[in-house]
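Asks: So I've got this file, start.csv, and it contains CSV, C-alpha atoms:
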```
chain,number,residue,atom,x,y,z
A,2,MET,CA,16.1,-41.1,-60.2
A,3,PHE,CA,15.7,-37.3,-60.6
A,4,THR,CA,19.1,-35.9,-61.1
A,5,ASN,CA,18.2,-32.4,-62.2
A,6,PRO,CA,15.0,-31.3,-60.4
A,7,LYS,CA,13.3,-28.1,-61.3
A,8,VAL,CA,12.1,-25.5,-58.8
A,9,GLY,CA,8.5,-25.3,-57.9
A,10,ARG,CA,6.9,-22.8,-55.6
A,11,VAL,CA,3.7,-22.7,-53.6
A,12,VAL,CA,2.7,-19.6,-51.6
A,13,LYS,CA,0.6,-20.1,-48.4
A,14,VAL,CA,-0.7,-17.8,-45.7
A,15,VAL,CA,-0.1,-19.0,-42.1
A,16,GLU,CA,-2.3,-17.5,-39.4
A,17,ASP,CA,-2.0,-17.7,-35.6
A,18,THR,CA,-5.4,-16.8,-34.1
A,19,SER,CA,-3.9,-16.9,-30.6
A,20,ARG,CA,-1.6,-13.9,-31.3
A,21,LYS,CA,-2.4,-10.3,-32.1
A,22,GLU,CA,-0.4,-8.5,-34.8
A,23,ILE,CA,2.3,-6.5,-33.0
A,24,TYR,CA,2.9,-4.0,-35.7
A,25,THR,CA,-0.6,-2.6,-36.1
A,26,LYS,CA,-3.8,-2.6,-34.1
A,27,GLY,CA,-6.0,-2.8,-37.2
A,28,ARG,CA,-5.1,-6.2,-38.5
A,29,GLY,CA,-6.2,-8.5,-35.8
A,30,SER,CA,-4.5,-11.9,-35.5
A,31,ARG,CA,-1.0,-12.6,-36.7
A,32,SER,CA,-0.8,-13.8,-40.3
A,33,PHE,CA,2.0,-14.0,-42.8
A,34,PRO,CA,2.7,-15.6,-46.2
A,35,ILE,CA,5.4,-18.2,-46.8
A,36,SER,CA,7.0,-19.5,-50.0
A,37,ILE,CA,7.5,-23.2,-50.2
A,38,PHE,CA,10.3,-24.0,-52.8
A,39,TYR,CA,10.5,-27.7,-53.7
A,40,PRO,CA,11.9,-30.1,-56.3
A,41,ALA,CA,9.5,-30.5,-59.2
A,42,LEU,CA,9.2,-32.7,-62.2
A,43,GLU,CA,11.2,-31.6,-65.2
A,44,ASN,CA,8.4,-32.2,-67.7
A,45,THR,CA,6.0,-29.8,-65.8
A,46,ILE,CA,8.1,-26.7,-66.5
A,47,THR,CA,8.7,-25.3,-69.9
A,48,ASP,CA,12.1,-23.9,-70.9
A,49,ILE,CA,10.8,-20.4,-70.8
A,50,GLU,CA,12.5,-18.5,-68.0
A,51,THR,CA,11.0,-15.5,-66.2
A,52,ASN,CA,12.5,-12.7,-64.2
A,53,LEU,CA,12.4,-11.6,-60.6
A,54,ILE,CA,9.3,-9.5,-61.0
A,55,SER,CA,7.1,-12.6,-61.6
A,56,LEU,CA,7.6,-13.7,-57.9
A,57,PHE,CA,5.5,-10.7,-56.8
A,58,SER,CA,2.3,-11.7,-58.6
A,59,PRO,CA,-0.6,-10.8,-58.3
A,60,ALA,CA,0.8,-7.3,-57.2
A,61,ILE,CA,3.5,-6.9,-59.8
A,62,GLN,CA,2.9,-3.2,-60.6
A,63,GLU,CA,2.8,-2.3,-56.9
A,64,ALA,CA,6.0,-4.2,-56.3
A,65,ILE,CA,7.7,-2.5,-59.2
A,66,ASP,CA,6.7,0.9,-57.8
A,67,ILE,CA,8.0,0.0,-54.3
A,68,PHE,CA,11.3,-1.3,-55.7
A,69,SER,CA,11.6,2.0,-57.7
A,70,ASN,CA,11.0,4.0,-54.5
A,71,VAL,CA,14.0,2.4,-52.9
A,72,GLY,CA,16.2,3.0,-56.0
A,73,ILE,CA,15.8,-0.4,-57.7
A,74,HIS,CA,14.2,0.1,-61.1
A,75,ILE,CA,12.4,-2.3,-63.4
A,76,GLU,CA,15.4,-2.7,-65.8
A,77,LYS,CA,17.5,-4.0,-62.9
A,78,LEU,CA,14.8,-6.4,-61.8
A,79,LYS,CA,14.5,-7.9,-65.3
A,80,GLU,CA,18.2,-8.7,-65.3
A,81,VAL,CA,17.7,-11.4,-62.6
A,82,ILE,CA,16.5,-14.4,-64.6
A,83,ILE,CA,14.8,-17.2,-62.6
A,84,SER,CA,13.5,-20.7,-63.3
A,85,VAL,CA,10.8,-21.0,-60.7
A,86,LYS,CA,7.4,-22.3,-61.6
A,87,ASP,CA,4.4,-21.7,-59.3
A,88,HIS,CA,2.4,-24.9,-58.5
A,89,ALA,CA,4.7,-27.1,-60.6
A,90,THR,CA,4.1,-30.8,-59.9
A,91,PRO,CA,6.3,-32.0,-57.1
A,92,ILE,CA,8.5,-35.1,-57.6
A,93,PRO,CA,6.2,-37.9,-56.6
A,94,ASN,CA,6.7,-40.7,-54.0
A,95,THR,CA,9.7,-39.0,-52.5
A,96,SER,CA,10.3,-36.9,-49.3
A,97,PHE,CA,13.0,-34.3,-49.0
A,98,PRO,CA,14.8,-32.7,-46.1
A,99,VAL,CA,13.3,-29.3,-45.1
A,100,VAL,CA,15.1,-26.0,-44.5
A,101,LEU,CA,13.1,-23.3,-42.8
A,102,PHE,CA,14.4,-19.8,-43.7
A,103,SER,CA,14.1,-16.5,-41.8
A,104,PRO,CA,15.2,-13.4,-43.8
A,105,GLY,CA,17.1,-10.4,-42.8
A,106,PHE,CA,15.4,-7.2,-41.5
A,107,GLY,CA,13.7,-5.4,-44.3
A,108,ILE,CA,14.3,-8.1,-47.0
A,109,ASP,CA,11.4,-10.0,-48.6
A,110,ARG,CA,11.4,-13.8,-48.1
A,111,ASP,CA,11.8,-14.4,-51.9
A,112,LEU,CA,14.9,-12.2,-52.3
A,113,TYR,CA,17.3,-15.1,-51.6
A,114,LEU,CA,16.8,-16.8,-55.0
A,115,GLU,CA,20.4,-17.8,-55.5
A,116,ILE,CA,20.6,-19.9,-52.3
A,117,THR,CA,17.0,-21.1,-52.5
A,118,THR,CA,17.3,-22.5,-56.0
A,119,ALA,CA,20.7,-24.0,-55.3
A,120,LEU,CA,19.3,-25.9,-52.3
A,121,VAL,CA,16.2,-27.1,-54.2
A,122,GLN,CA,18.3,-28.4,-57.1
A,123,LYS,CA,20.3,-30.4,-54.5
A,124,GLY,CA,17.2,-32.1,-53.2
A,125,TYR,CA,16.0,-29.8,-50.3
A,126,ILE,CA,12.7,-28.0,-49.7
A,127,VAL,CA,13.1,-24.4,-48.6
A,128,VAL,CA,10.2,-22.8,-46.7
A,129,ALA,CA,10.9,-19.0,-46.7
A,130,ILE,CA,9.0,-17.2,-44.0
A,131,SER,CA,8.0,-13.6,-44.6
A,132,VAL,CA,7.8,-10.9,-41.9
A,133,PRO,CA,5.1,-8.4,-42.7
A,134,TYR,CA,5.7,-4.8,-41.6
A,135,ASP,CA,9.4,-5.7,-41.2
A,136,SER,CA,10.1,-6.3,-44.9
A,137,PHE,CA,10.0,-3.3,-47.3
A,138,LEU,CA,7.5,-5.3,-49.3
A,139,THR,CA,5.3,-8.3,-48.5
A,140,VAL,CA,2.8,-9.6,-51.1
A,141,PHE,CA,0.0,-11.9,-50.0
A,142,PRO,CA,-1.5,-14.3,-52.5
A,143,ASN,CA,-4.7,-12.4,-52.6
A,144,GLY,CA,-2.9,-9.3,-53.9
A,145,GLU,CA,-2.7,-7.5,-50.6
A,146,VAL,CA,0.6,-5.5,-50.2
A,147,ILE,CA,2.1,-4.6,-46.9
A,148,THR,CA,5.0,-2.2,-46.8
A,149,GLN,CA,7.5,-1.6,-44.0
A,150,ALA,CA,6.2,0.0,-40.8
A,151,GLU,CA,7.4,3.4,-39.8
A,152,ARG,CA,8.1,2.2,-36.3
A,153,HIS,CA,9.2,-1.2,-35.0
A,154,PRO,CA,9.2,-2.9,-31.6
A,155,ASN,CA,12.5,-3.4,-29.9
A,156,ASP,CA,14.8,-6.1,-31.2
A,157,GLU,CA,13.9,-8.7,-28.6
A,158,THR,CA,10.2,-8.4,-29.4
A,159,GLN,CA,10.9,-8.7,-33.1
A,160,ILE,CA,13.0,-11.9,-32.6
A,161,LYS,CA,10.4,-13.4,-30.3
A,162,THR,CA,7.7,-12.8,-32.9
A,163,ARG,CA,9.8,-14.3,-35.6
A,164,MET,CA,10.5,-17.3,-33.4
A,165,GLN,CA,6.8,-17.9,-32.9
A,166,ASP,CA,6.3,-17.6,-36.6
A,167,VAL,CA,9.0,-20.2,-37.3
A,168,GLN,CA,7.5,-22.5,-34.6
A,169,LEU,CA,4.1,-22.2,-36.2
A,170,VAL,CA,5.5,-23.2,-39.6
A,171,LEU,CA,7.4,-26.1,-38.0
A,172,ASP,CA,4.2,-27.3,-36.4
A,173,SER,CA,2.4,-27.1,-39.8
A,174,LEU,CA,4.7,-29.4,-41.8
A,175,GLU,CA,2.8,-32.6,-40.9
A,176,LYS,CA,-0.5,-31.0,-41.8
A,177,TRP,CA,0.8,-29.9,-45.2
A,178,ASN,CA,2.2,-33.4,-45.7
A,179,GLN,CA,-1.4,-34.7,-45.7
A,180,GLU,CA,-2.5,-32.4,-48.5
A,181,LYS,CA,-3.0,-34.2,-51.8
A,182,PHE,CA,-0.6,-31.7,-53.6
A,183,PHE,CA,2.4,-32.4,-51.4
A,184,ASN,CA,1.5,-36.0,-50.4
A,185,GLY,CA,4.3,-36.6,-47.9
A,186,LEU,CA,6.9,-34.4,-49.7
A,187,PHE,CA,8.3,-33.0,-46.4
A,188,ASP,CA,10.8,-35.3,-44.5
A,189,THR,CA,9.9,-34.1,-41.1
A,190,ASP,CA,12.7,-36.2,-39.5
A,191,LYS,CA,15.3,-34.0,-41.3
A,192,ILE,CA,14.7,-30.3,-40.5
A,193,ALA,CA,17.3,-27.5,-40.5
A,194,VAL,CA,16.9,-23.8,-40.0
A,195,LEU,CA,18.7,-21.0,-41.9
A,196,GLY,CA,18.6,-17.3,-41.2
A,197,HIS,CA,20.2,-14.0,-42.3
A,198,SER,CA,20.9,-11.1,-40.0
A,199,LEU,CA,18.0,-10.7,-37.6
A,200,GLY,CA,16.7,-14.0,-39.0
A,201,GLY,CA,20.1,-15.6,-38.1
A,202,ALA,CA,19.6,-14.6,-34.4
A,203,THR,CA,16.0,-16.0,-34.7
A,204,VAL,CA,17.0,-19.4,-35.9
A,205,PHE,CA,19.9,-19.7,-33.5
A,206,ASN,CA,17.5,-19.1,-30.6
A,207,ILE,CA,14.9,-21.6,-32.1
A,208,ALA,CA,17.7,-24.2,-32.4
A,209,ALA,CA,18.5,-23.9,-28.7
A,210,ILE,CA,14.9,-24.9,-27.7
A,211,GLU,CA,13.5,-27.1,-30.5
A,212,GLU,CA,14.4,-30.8,-30.5
A,213,ARG,CA,13.1,-31.4,-34.1
A,214,ILE,CA,15.9,-29.2,-35.6
A,215,ARG,CA,19.0,-31.1,-36.6
A,216,CYS,CA,21.4,-28.3,-37.6
A,217,ALA,CA,21.4,-24.5,-38.2
A,218,ILE,CA,23.1,-22.1,-40.5
A,219,LEU,CA,23.6,-18.4,-39.7
A,220,TYR,CA,24.2,-15.9,-42.5
A,221,ASP,CA,26.0,-12.9,-41.0
A,222,ALA,CA,23.6,-13.2,-38.0
A,223,SER,CA,22.8,-10.4,-35.5
A,224,LEU,CA,24.9,-12.2,-32.9
A,225,HIS,CA,24.5,-9.5,-30.3
A,226,LEU,CA,20.9,-10.4,-30.1
A,227,ILE,CA,21.2,-14.2,-29.5
A,228,ASP,CA,20.2,-15.7,-26.2
A,229,HIS,CA,22.6,-17.2,-23.7
A,230,LYS,CA,21.3,-20.8,-24.2
A,231,MET,CA,23.4,-22.6,-26.7
A,232,PRO,CA,22.0,-25.1,-29.2
A,233,ASN,CA,23.3,-28.7,-28.9
A,234,ILE,CA,23.4,-29.2,-32.6
A,235,PRO,CA,26.0,-28.4,-35.4
A,236,ILE,CA,25.9,-24.6,-36.2
A,237,LEU,CA,27.5,-23.1,-39.3
A,238,ASN,CA,28.3,-19.4,-38.7
A,239,ILE,CA,29.1,-17.8,-42.1
A,240,ARG,CA,30.2,-14.2,-41.7
A,241,GLN,CA,30.9,-11.3,-44.0
A,242,GLU,CA,34.5,-10.2,-44.4
A,243,ALA,CA,34.4,-7.9,-41.4
A,244,THR,CA,34.6,-10.4,-38.5
A,245,SER,CA,37.0,-9.0,-35.9
A,246,TYR,CA,36.0,-6.3,-33.5
A,247,GLU,CA,37.9,-3.6,-35.4
A,248,GLU,CA,36.6,-4.8,-38.8
A,249,TYR,CA,33.0,-5.1,-37.6
A,250,LEU,CA,33.0,-1.7,-35.9
A,251,ASP,CA,34.3,-0.1,-39.0
A,252,ALA,CA,31.6,-1.7,-41.0
A,253,ILE,CA,28.7,-0.6,-38.8
A,254,LEU,CA,30.1,2.7,-37.4
A,255,ASP,CA,27.5,5.5,-37.1
A,256,GLU,CA,29.4,8.7,-36.7
A,257,ASP,CA,26.4,10.3,-35.0
A,258,ASP,CA,26.3,7.6,-32.4
A,259,GLU,CA,29.8,6.2,-32.1
A,260,GLU,CA,29.3,4.9,-28.6
A,261,GLN,CA,26.3,2.8,-29.6
A,262,SER,CA,28.2,1.3,-32.5
A,263,LYS,CA,31.1,0.3,-30.2
A,264,ASN,CA,28.6,-1.2,-27.7
A,265,ILE,CA,27.0,-3.3,-30.5
A,266,ALA,CA,30.4,-4.5,-31.8
A,267,LYS,CA,31.5,-5.5,-28.4
A,268,ARG,CA,28.3,-7.5,-27.7
A,269,TYR,CA,28.6,-9.0,-31.2
A,270,ILE,CA,32.1,-10.3,-30.6
A,271,LYS,CA,31.4,-11.4,-27.0
A,272,LYS,CA,28.5,-13.5,-28.2
A,273,GLN,CA,30.6,-15.0,-31.0
A,274,MET,CA,33.3,-15.9,-28.5
A,275,GLU,CA,30.7,-17.6,-26.3
A,276,MET,CA,29.4,-19.6,-29.3
A,277,TYR,CA,32.9,-20.6,-30.3
A,278,GLU,CA,33.6,-21.9,-26.8
A,279,HIS,CA,30.3,-23.7,-26.0
A,280,LEU,CA,28.8,-24.9,-29.3
A,281,PRO,CA,29.4,-28.6,-30.3
A,282,LYS,CA,32.8,-29.3,-31.9
A,283,SER,CA,31.0,-30.1,-35.2
A,284,SER,CA,30.1,-26.4,-35.5
A,285,SER,CA,32.1,-24.2,-38.0
A,286,PHE,CA,33.0,-20.5,-38.1
A,287,ILE,CA,33.8,-19.1,-41.6
A,288,LYS,CA,34.4,-15.6,-43.1
A,289,VAL,CA,34.0,-15.0,-46.8
A,290,ILE,CA,36.4,-12.5,-48.3
A,291,GLY,CA,34.6,-9.9,-50.4
A,292,ALA,CA,31.3,-10.5,-48.7
A,293,LYS,CA,29.2,-7.6,-47.2
A,294,HIS,CA,26.1,-7.9,-45.1
A,295,LEU,CA,23.8,-8.0,-48.1
A,296,SER,CA,25.9,-10.4,-50.0
A,297,PHE,CA,23.8,-13.3,-48.7
A,298,SER,CA,20.6,-12.0,-50.5
A,299,THR,CA,19.5,-11.2,-54.1
A,300,ILE,CA,19.5,-7.5,-53.0
A,301,SER,CA,23.3,-7.5,-53.5
A,302,ARG,CA,22.9,-8.3,-57.2
A,303,LEU,CA,20.4,-5.5,-57.5
A,304,ILE,CA,22.6,-2.7,-56.0
A,305,SER,CA,26.2,-3.7,-56.6
A,306,ASP,CA,28.6,-5.5,-59.0
A,307,GLU,CA,29.8,-8.0,-56.4
A,308,SER,CA,31.9,-10.9,-57.6
A,309,PRO,CA,29.8,-14.0,-58.3
A,310,ASP,CA,32.5,-16.0,-56.4
A,311,VAL,CA,31.1,-14.7,-53.1
A,312,MET,CA,27.7,-16.2,-53.6
A,313,LYS,CA,29.2,-19.4,-55.1
A,314,SER,CA,31.2,-20.0,-52.0
A,315,ILE,CA,28.3,-19.3,-49.7
A,316,GLN,CA,26.2,-21.9,-51.7
A,317,GLU,CA,29.0,-24.5,-51.6
A,318,LEU,CA,29.5,-24.2,-47.8
A,319,THR,CA,25.8,-24.3,-47.1
A,320,ILE,CA,25.1,-27.3,-49.3
A,321,ALA,CA,28.1,-29.3,-47.9
A,322,PHE,CA,27.0,-28.5,-44.3
A,323,LEU,CA,23.5,-29.7,-45.0
A,324,GLN,CA,24.6,-32.8,-46.8
A,325,GLU,CA,26.6,-33.9,-43.8
A,326,PHE,CA,24.5,-32.7,-40.8
A,327,LEU,CA,21.0,-32.9,-42.3
A,328,SER,CA,21.2,-35.6,-45.0
A,329,GLY,CA,23.7,-37.7,-43.0
A,330,ASN,CA,26.5,-37.9,-45.6
A,331,SER,CA,29.4,-38.2,-43.1
A,332,GLY,CA,32.5,-36.2,-43.9
A,333,VAL,CA,31.2,-34.1,-46.8
A,334,TYR,CA,31.5,-30.8,-45.0
A,335,GLU,CA,34.8,-31.5,-43.3
A,336,ASP,CA,36.3,-32.5,-46.6
A,337,ARG,CA,34.9,-29.3,-48.3
A,338,ILE,CA,36.6,-27.0,-45.7
A,339,ASN,CA,39.9,-28.7,-45.4
A,340,ASP,CA,42.8,-26.6,-46.5
A,341,GLN,CA,43.0,-28.3,-49.9
A,342,ASN,CA,39.4,-28.1,-50.9
A,343,ARG,CA,38.1,-25.0,-49.2
A,344,PRO,CA,37.3,-22.1,-51.5
A,345,THR,CA,40.2,-19.6,-51.5
A,346,ASN,CA,37.9,-16.8,-50.4
A,347,CYS,CA,36.7,-18.7,-47.3
A,348,ILE,CA,38.7,-18.4,-44.1
A,349,LYS,CA,38.3,-20.4,-40.9
A,350,ILE,CA,38.0,-18.0,-37.9
A,351,ASP,CA,37.9,-18.2,-34.1
A,352,GLY,CA,35.5,-16.6,-31.7
A,353,SER,CA,37.3,-13.3,-32.1
A,354,GLY,CA,36.8,-13.3,-35.8
A,355,LEU,CA,40.5,-13.9,-36.5
A,356,PRO,CA,41.9,-16.5,-38.9
A,357,ILE,CA,43.0,-19.8,-37.5
A,358,GLY,CA,45.2,-22.5,-38.8
A,359,ASN,CA,46.9,-21.6,-42.0
A,360,GLY,CA,43.9,-19.7,-43.3
A,361,GLU,CA,45.8,-16.4,-42.9
A,362,SER,CA,47.8,-17.1,-46.1
A,363,ASN,CA,44.6,-17.0,-48.1
A,364,VAL,CA,43.5,-13.5,-47.1
A,365,ILE,CA,43.6,-11.1,-49.9
A,366,ARG,CA,44.8,-7.7,-48.7
```
Please express what this file holds, its structure, as structure tokens.

Replies:
Amino acid sequence: MFTNPKVGRVVKVVEDTSRKEIYTKGRGSRSFPISIFYPALENTITDIETNLISLFSPAIQEAIDIFSNVGIHIEKLKEVIISVKDHATPIPNTSFPVVLFSPGFGIDRDLYLEITTALVQKGYIVVAISVPYDSFLTVFPNGEVITQAERHPNDETQIKTRMQDVQLVLDSLEKWNQEKFFNGLFDTDKIAVLGHSLGGATVFNIAAIEERIRCAILYDASLHLIDHKMPNIPILNIRQEATSYEEYLDAILDEDDEEQSKNIAKRYIKKQMEMYEHLPKSSSFIKVIGAKHLSFSTISRLISDESPDVMKSIQELTIAFLQEFLSGNSGVYEDRINDQNRPTNCIKIDGSGLPIGNGESNVIR
């Protein structure tokens, strides 16, 4: 019994020769790196910890320069200590539930270390899917570095591309299971999807059409971009603190284009209300007090002094939801969010983003 697994990582490149790269005419077929984070044997990893920079090997200096260009300097990167070992030996003779992860617009796939490592240590595999030309930085295992494109397709095209990428990874799991290194590590009967922002809209849309997915988690998803078709599986919709129309409009307001901001906020809330009405009753809508849009990623640690309670609550809700609806441990999530056990900074909300039940008493004004 492995009660305290370590975190291993393997980086692969996935290619779809049937699709052309939409961001540039010069690259040819669509290809993108993924990071597979998995439970590893304790005795294959030394006690020596590394920092965030190590994840961008073999292009570490290029990554440092790119981070610096966006105002995040090497000293700050070194403050984020990680315990991830590339190519660590997987725990043998065991399969683990799989979580496919789609990041937010502009954010590298590996910049969600807090939630990734927390999930692996609870016995899940996380497959983080990069989006080259979308992220401000994408490092391929051969050292190639792709930075964010100056122009992007419209939102719908970006989400369609991401959905096709997720689908390709989903289709590849059985093939990877046959590799000697993994040897059946992926439990392909237990697959969930998790996404942040644009990635949240992506996984919601995938969940509506893909029968192999058992549940989905949205981190402050771009709800105004989701399709009309509703998934018939449990959905956890975790939002930043700004969840009502007025709160959300204030959070995204562009004074140079106030009308567009209002239009987005209206669409956002309309979609959330549709979700609240039509999703299965096992679904859950939560706001996290103190959370901002970037709170769900490591970027927040690099640019702000946000309370660690915010990420802790996000982790607890995510793990409990997966334990119940992916791993099959009945009642775990429901027990975690009842009024007695729910983290004090987590509030149940309705489709309008307003507190329900007696959650109002927990709001810190």

Asks: To one decimal place in Å, what is the distance between CA of Leu186 (chain A) and CA of Glu325 (chain A)?

Replies: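 For CA of Leu186 (chain A) relative to CA of Glu325 (chain A), the distance reads 20.6 Å.
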
Asks: Using all atoms listed in the file, can you tell me which of A:Leu318, A:Leu199, A:Leu323, A:Ala243 comes closest to Asn342 (chain A)?

Replies: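 Among the listed residues, A:Leu318 lies closest to Asn342 (chain A).
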
Asks: So which one's closest to Glu115 (chain A), A:Thr148, A:Thr95, A:Ser298, A:Ser284? Using all atoms listed in the file, please.

Replies: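 For Glu115 (chain A), the nearest of the candidates is A:Ser298.
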
Asks: Would you compute the distance between CA of Ala321 (chain A) and CA of Leu237 (chain A)? Give it in Å to one decimal.

Replies: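 Spanning CA of Ala321 (chain A) to CA of Leu237 (chain A) is a straight-line distance of 10.6 Å.
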
Asks: Using all atoms listed in the file, what residues lie at most 10 Å away from (37.0, -20.8, -48.9) (file coordinates), given as a list in words?

Replies: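 Selection result: Ile287, Lys288, Val289, Ile290, Asp310, Val311, Ser314, Ile315, Glu317, Leu318, Arg337, Ile338, Asn339, Asp340, Gln341, Asn342, Arg343, Pro344, Thr345, Asn346, Cys347, Ile348, Lys349, Gly360, Asn363 and Val364 of chain A.
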
Asks: Using only C-alpha atoms, which residues sit within 9 Å of Ile23 (chain A) once same-chain residues fewer than 4 positions away are excluded, as a VMD selection string?

Replies: chain A and resid 31 153 to 154 158 to 159 162

Asks: Of the candidates A:Asp17, A:Glu80, A:Glu63, A:Asp251, which shows the shortest atom-to-atom distance to Leu138 (chain A), using all atoms listed in the file?

Replies: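 Result for the nearest residue to Leu138 (chain A): A:Glu63.
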
Asks: Between A:Phe137, A:Ala89, A:Val15, A:Tyr277, single out the one closest to Asp66 (chain A), counting all atoms listed in the file.

Replies: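 Using all atoms listed in the file, the shortest distance to Asp66 (chain A) belongs to A:Phe137.
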
Asks: Hey, which of A:Leu78, A:Leu254, A:Ile210, A:Ala202 ends up closest to Ser301 (chain A)? Count all atoms listed in the file.

Replies: A:Leu78

Asks: Rounded to one decimal, what separation in Å do you get between CA of Val194 (chain A) and CA of Arg268 (chain A)?

Replies: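 If I compute the distance from CA of Val194 (chain A) to CA of Arg268 (chain A), I get 23.4 Å.
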
Asks: Could you list, as a list in words, every residue within 10 Å of region 141-145 of chain A, counting all atoms listed in the file and ignoring same-chain residues fewer than 5 positions away?

Replies: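 Those residues are Val11, Val12, Lys13, Val14, Ser32, Phe33, Pro34, Ile35, Phe57, Ser58, Pro59, Ala60, Ile61, Glu63, Ser131 and Pro133 of chain A.
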
Asks: Output requested as a PDB file, in the frame of the given file - region 163-178 of chain A, filled out with N, CA, C and O atoms.

Replies:
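Once written, result.pdb looks like this:
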```
ATOM      1  N   ARG A 163       9.322 -13.464 -34.549  1.00  0.00           N
ATOM      2  CA  ARG A 163       9.800 -14.300 -35.600  1.00  0.00           C
ATOM      3  C   ARG A 163       9.957 -15.779 -35.142  1.00  0.00           C
ATOM      4  O   ARG A 163       9.652 -16.709 -35.890  1.00  0.00           O
ATOM      5  N   MET A 164      10.413 -15.962 -33.917  1.00  0.00           N
ATOM      6  CA  MET A 164      10.500 -17.300 -33.400  1.00  0.00           C
ATOM      7  C   MET A 164       9.176 -18.009 -33.321  1.00  0.00           C
ATOM      8  O   MET A 164       9.039 -19.188 -33.673  1.00  0.00           O
ATOM      9  N   GLN A 165       8.167 -17.286 -32.908  1.00  0.00           N
ATOM     10  CA  GLN A 165       6.800 -17.900 -32.900  1.00  0.00           C
ATOM     11  C   GLN A 165       6.330 -18.187 -34.267  1.00  0.00           C
ATOM     12  O   GLN A 165       5.654 -19.204 -34.473  1.00  0.00           O
ATOM     13  N   ASP A 166       6.673 -17.351 -35.239  1.00  0.00           N
ATOM     14  CA  ASP A 166       6.300 -17.600 -36.600  1.00  0.00           C
ATOM     15  C   ASP A 166       6.969 -18.903 -37.130  1.00  0.00           C
ATOM     16  O   ASP A 166       6.333 -19.761 -37.758  1.00  0.00           O
ATOM     17  N   VAL A 167       8.277 -19.029 -36.879  1.00  0.00           N
ATOM     18  CA  VAL A 167       9.000 -20.200 -37.300  1.00  0.00           C
ATOM     19  C   VAL A 167       8.422 -21.464 -36.628  1.00  0.00           C
ATOM     20  O   VAL A 167       8.242 -22.516 -37.253  1.00  0.00           O
ATOM     21  N   GLN A 168       8.103 -21.353 -35.341  1.00  0.00           N
ATOM     22  CA  GLN A 168       7.500 -22.500 -34.600  1.00  0.00           C
ATOM     23  C   GLN A 168       6.199 -22.903 -35.217  1.00  0.00           C
ATOM     24  O   GLN A 168       5.915 -24.108 -35.353  1.00  0.00           O
ATOM     25  N   LEU A 169       5.379 -21.932 -35.618  1.00  0.00           N
ATOM     26  CA  LEU A 169       4.100 -22.200 -36.200  1.00  0.00           C
ATOM     27  C   LEU A 169       4.261 -22.977 -37.545  1.00  0.00           C
ATOM     28  O   LEU A 169       3.537 -23.935 -37.844  1.00  0.00           O
ATOM     29  N   VAL A 170       5.215 -22.537 -38.338  1.00  0.00           N
ATOM     30  CA  VAL A 170       5.500 -23.200 -39.600  1.00  0.00           C
ATOM     31  C   VAL A 170       6.001 -24.635 -39.342  1.00  0.00           C
ATOM     32  O   VAL A 170       5.587 -25.594 -40.001  1.00  0.00           O
ATOM     33  N   LEU A 171       6.871 -24.766 -38.379  1.00  0.00           N
ATOM     34  CA  LEU A 171       7.400 -26.100 -38.000  1.00  0.00           C
ATOM     35  C   LEU A 171       6.259 -27.023 -37.621  1.00  0.00           C
ATOM     36  O   LEU A 171       6.227 -28.193 -38.030  1.00  0.00           O
ATOM     37  N   ASP A 172       5.312 -26.506 -36.856  1.00  0.00           N
ATOM     38  CA  ASP A 172       4.200 -27.300 -36.400  1.00  0.00           C
ATOM     39  C   ASP A 172       3.227 -27.655 -37.567  1.00  0.00           C
ATOM     40  O   ASP A 172       2.417 -28.583 -37.445  1.00  0.00           O
ATOM     41  N   SER A 173       3.298 -26.904 -38.667  1.00  0.00           N
ATOM     42  CA  SER A 173       2.400 -27.100 -39.800  1.00  0.00           C
ATOM     43  C   SER A 173       2.856 -28.100 -40.818  1.00  0.00           C
ATOM     44  O   SER A 173       2.083 -28.504 -41.700  1.00  0.00           O
ATOM     45  N   LEU A 174       4.097 -28.519 -40.745  1.00  0.00           N
ATOM     46  CA  LEU A 174       4.700 -29.400 -41.800  1.00  0.00           C
ATOM     47  C   LEU A 174       3.890 -30.692 -41.939  1.00  0.00           C
ATOM     48  O   LEU A 174       3.615 -31.146 -43.055  1.00  0.00           O
ATOM     49  N   GLU A 175       3.568 -31.332 -40.831  1.00  0.00           N
ATOM     50  CA  GLU A 175       2.800 -32.600 -40.900  1.00  0.00           C
ATOM     51  C   GLU A 175       1.466 -32.404 -41.544  1.00  0.00           C
ATOM     52  O   GLU A 175       1.003 -33.254 -42.318  1.00  0.00           O
ATOM     53  N   LYS A 176       0.822 -31.296 -41.224  1.00  0.00           N
ATOM     54  CA  LYS A 176      -0.500 -31.000 -41.800  1.00  0.00           C
ATOM     55  C   LYS A 176      -0.370 -30.854 -43.332  1.00  0.00           C
ATOM     56  O   LYS A 176      -1.171 -31.389 -44.100  1.00  0.00           O
ATOM     57  N   TRP A 177       0.647 -30.122 -43.783  1.00  0.00           N
ATOM     58  CA  TRP A 177       0.800 -29.900 -45.200  1.00  0.00           C
ATOM     59  C   TRP A 177       1.194 -31.256 -45.894  1.00  0.00           C
ATOM     60  O   TRP A 177       0.845 -31.484 -47.055  1.00  0.00           O
ATOM     61  N   ASN A 178       1.876 -32.127 -45.186  1.00  0.00           N
ATOM     62  CA  ASN A 178       2.200 -33.400 -45.700  1.00  0.00           C
ATOM     63  C   ASN A 178       0.959 -34.241 -46.092  1.00  0.00           C
ATOM     64  O   ASN A 178       1.005 -35.115 -46.968  1.00  0.00           O
TER      65      ASN A 178
END
```
